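The next block is entry.pdb, given as PDB, C-alpha atoms, pLDDT in the B column.
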MODEL        1
ATOM      1  CA  MET A   5    -132.138 -96.960  47.036  1.00 49.00           C
ATOM      2  CA  LYS A   6    -130.643 -98.008  43.719  1.00 52.00           C
ATOM      3  CA  LYS A   7    -132.786-100.230  41.533  1.00 56.00           C
ATOM      4  CA  THR A   8    -130.101-102.937  41.573  1.00 73.00           C
ATOM      5  CA  GLU A   9    -130.201-103.151  45.379  1.00 86.00           C
ATOM      6  CA  LYS A  10    -132.519-105.770  46.794  1.00 93.00           C
ATOM      7  CA  THR A  11    -135.145-104.864  49.333  1.00 95.00           C
ATOM      8  CA  PHE A  12    -135.540-106.344  52.786  1.00 95.00           C
ATOM      9  CA  GLU A  13    -138.482-108.322  51.449  1.00 96.00           C
ATOM     10  CA  ASP A  14    -136.366-109.729  48.597  1.00 97.00           C
ATOM     11  CA  HIS A  15    -133.676-110.863  51.031  1.00 97.00           C
ATOM     12  CA  PHE A  16    -136.192-112.278  53.484  1.00 97.00           C
ATOM     13  CA  THR A  17    -138.076-114.213  50.801  1.00 97.00           C
ATOM     14  CA  ARG A  18    -134.864-115.775  49.536  1.00 98.00           C
ATOM     15  CA  LEU A  19    -133.814-116.564  53.113  1.00 97.00           C
ATOM     16  CA  GLU A  20    -137.100-118.417  53.628  1.00 98.00           C
ATOM     17  CA  GLN A  21    -136.409-120.414  50.459  1.00 98.00           C
ATOM     18  CA  VAL A  22    -132.917-121.304  51.667  1.00 98.00           C
ATOM     19  CA  VAL A  23    -134.205-122.404  55.077  1.00 97.00           C
ATOM     20  CA  HIS A  24    -136.916-124.514  53.448  1.00 97.00           C
ATOM     21  CA  ALA A  25    -134.378-126.203  51.154  1.00 97.00           C
ATOM     22  CA  LEU A  26    -132.098-126.971  54.093  1.00 97.00           C
ATOM     23  CA  GLU A  27    -134.971-128.291  56.201  1.00 97.00           C
ATOM     24  CA  GLU A  28    -136.062-130.650  53.412  1.00 96.00           C
ATOM     25  CA  GLY A  29    -132.623-132.243  53.471  1.00 94.00           C
ATOM     26  CA  ASN A  30    -132.629-133.185  49.791  1.00 96.00           C
ATOM     27  CA  THR A  31    -129.391-131.404  48.921  1.00 95.00           C
ATOM     28  CA  THR A  32    -125.834-132.653  48.810  1.00 97.00           C
ATOM     29  CA  LEU A  33    -123.390-131.660  51.514  1.00 97.00           C
ATOM     30  CA  ASP A  34    -121.689-129.176  49.184  1.00 97.00           C
ATOM     31  CA  ASP A  35    -125.019-127.647  48.166  1.00 97.00           C
ATOM     32  CA  SER A  36    -126.125-127.504  51.803  1.00 97.00           C
ATOM     33  CA  LEU A  37    -122.946-125.669  52.764  1.00 98.00           C
ATOM     34  CA  ALA A  38    -123.416-123.223  49.879  1.00 98.00           C
ATOM     35  CA  LEU A  39    -127.036-122.645  50.920  1.00 98.00           C
ATOM     36  CA  TYR A  40    -126.000-122.160  54.534  1.00 98.00           C
ATOM     37  CA  SER A  41    -123.390-119.601  53.508  1.00 98.00           C
ATOM     38  CA  GLU A  42    -125.946-117.793  51.356  1.00 98.00           C
ATOM     39  CA  GLY A  43    -128.383-117.843  54.268  1.00 97.00           C
ATOM     40  CA  VAL A  44    -125.838-116.244  56.586  1.00 97.00           C
ATOM     41  CA  GLU A  45    -125.236-113.465  54.049  1.00 97.00           C
ATOM     42  CA  LEU A  46    -128.986-112.958  53.593  1.00 97.00           C
ATOM     43  CA  LEU A  47    -129.505-112.824  57.352  1.00 97.00           C
ATOM     44  CA  LYS A  48    -126.757-110.215  57.642  1.00 96.00           C
ATOM     45  CA  ALA A  49    -128.348-108.151  54.851  1.00 96.00           C
ATOM     46  CA  CYS A  50    -131.741-108.333  56.581  1.00 96.00           C
ATOM     47  CA  HIS A  51    -130.210-107.345  59.915  1.00 95.00           C
ATOM     48  CA  ASP A  52    -128.348-104.419  58.350  1.00 94.00           C
ATOM     49  CA  GLN A  53    -131.471-103.168  56.602  1.00 93.00           C
ATOM     50  CA  LEU A  54    -133.492-103.389  59.810  1.00 91.00           C
ATOM     51  CA  ALA A  55    -130.772-101.549  61.723  1.00 86.00           C
ATOM     52  CA  ASN A  56    -130.783 -98.791  59.099  1.00 83.00           C
ATOM     53  CA  ALA A  57    -134.568 -98.538  59.298  1.00 82.00           C
ATOM     54  CA  LYS A  58    -134.388 -98.359  63.091  1.00 77.00           C
ATOM     55  CA  ARG A  59    -132.037 -95.388  62.884  1.00 71.00           C
ATOM     56  CA  LYS A  60    -134.517 -93.557  60.665  1.00 71.00           C
ATOM     57  CA  ILE A  61    -137.425 -93.872  63.036  1.00 66.00           C
ATOM     58  CA  ALA A  62    -138.644 -90.597  64.407  1.00 57.00           C
ATOM     59  CA  LEU A  63    -140.098 -90.636  67.885  1.00 60.00           C
ATOM     60  CA  LEU A  64    -143.130 -88.642  68.799  1.00 59.00           C
ATOM     61  CA  THR A  65    -142.038 -86.365  71.622  1.00 62.00           C
ATOM     62  CA  GLY A  66    -145.195 -84.345  72.154  1.00 69.00           C
ATOM     63  CA  VAL A  67    -147.127 -81.562  70.489  1.00 75.00           C
ATOM     64  CA  ASP A  68    -146.242 -77.947  69.875  1.00 80.00           C
ATOM     65  CA  ALA A  69    -148.360 -74.936  70.834  1.00 84.00           C
ATOM     66  CA  GLU A  70    -150.391 -75.345  67.652  1.00 88.00           C
ATOM     67  CA  GLY A  71    -151.183 -78.996  68.334  1.00 82.00           C
ATOM     68  CA  ASN A  72    -148.780 -80.379  65.722  1.00 84.00           C
ATOM     69  CA  PRO A  73    -146.730 -83.434  66.657  1.00 79.00           C
ATOM     70  CA  THR A  74    -143.062 -82.841  67.355  1.00 77.00           C
ATOM     71  CA  VAL A  75    -140.563 -85.501  66.419  1.00 74.00           C
ATOM     72  CA  ARG A  76    -136.895 -86.213  66.911  1.00 71.00           C
ATOM     73  CA  GLU A  77    -134.562 -88.769  65.400  1.00 67.00           C
ATOM     74  CA  PHE A  78    -134.337 -92.161  67.043  1.00 65.00           C
ATOM     75  CA  ALA A  79    -131.289 -92.490  69.286  1.00 65.00           C
ATOM     76  CA  GLU A  80    -129.757 -95.808  70.305  1.00 60.00           C
ATOM     77  CA  ASP A  81    -130.423 -95.083  73.987  1.00 62.00           C
ATOM     78  CA  ASP A  82    -134.131 -94.479  73.343  1.00 55.00           C
ATOM     79  CA  ARG A  83    -135.217 -97.787  74.784  1.00 59.00           C
ATOM     80  CA  THR A  84    -138.220 -98.642  76.871  1.00 59.00           C
ATOM     81  CA  LEU A  85    -137.763 -99.349  80.550  1.00 60.00           C
ATOM     82  CA  GLU A  86    -138.422-103.012  79.814  1.00 62.00           C
ATOM     83  CA  GLU A  87    -135.664-103.086  77.181  1.00 61.00           C
ATOM     84  CA  LYS A  88    -133.256-101.342  79.577  1.00 59.00           C
ATOM     85  CA  SER A  89    -134.037-103.746  82.405  1.00 61.00           C
ATOM     86  CA  GLU A  90    -133.495-106.749  80.119  1.00 66.00           C
ATOM     87  CA  THR A  91    -129.957-105.608  79.296  1.00 61.00           C
ATOM     88  CA  ARG A  92    -129.129-104.927  82.946  1.00 59.00           C
ATOM     89  CA  GLY A  93    -129.796-108.562  83.869  1.00 54.00           C
ATOM     90  CA  ARG A  94    -127.288-109.866  81.340  1.00 48.00           C
TER      91      ARG A  94
ENDMDL
END
Once you've parsed the file, please lay out its structure as structure tokens.
Amino acid sequence: MKKTEKTFEDHFTRLEQVVHALEEGNTTLDDSLALYSEGVELLKACHDQLANAKRKIALLTGVDAEGNPTVREFAEDDRTLEEKSETRGR
């Protein structure tokens, strides 16, 4: 990651600040709209960073003959039965 890129934590912290400012209700309509727009962008950045992290997760698939864990890359269809059943009901 480049040093100029903000981390998930940076985005999330700023998003919390934006939400707090909007909840207080002490801003003008124009400022509230600007904060809302910023919040949407921050939420998108957080979501994108979480999605990228999810793709990097390696799943433990067992152990090899020497007792070492074997891993494979996370695939989108690697969901739990509960997660699969939730999407079927939609």
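Coordinates place CA of Asp52 (chain A) at a distance of 17.2 Å from CA of Glu20 (chain A).
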### Task
Could you please determine the separation between CA of Phe12 (chain A) and CA of Glu27 (chain A) in Å, to one decimal place?
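A separation of 22.2 Å between them.
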### Query
Could you pull the residues within 12 Å of Gln21 (chain A), counting all atoms listed in the file, minus those fewer than 5 positions along the same chain, as number ranges by chain?
A: 14-16, 26-28, 39-40, 42-43, 46
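If you look at CA of Cys50 (chain A) and CA of Asp35 (chain A), they are 22.1 Å away from each other.
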### Message
Considering all atoms listed in the file, can you say which of A:Ala69, A:Ala38, A:Ala25, A:Ala49 comes closest to Glu13 (chain A)?
### Response
A:Ala49
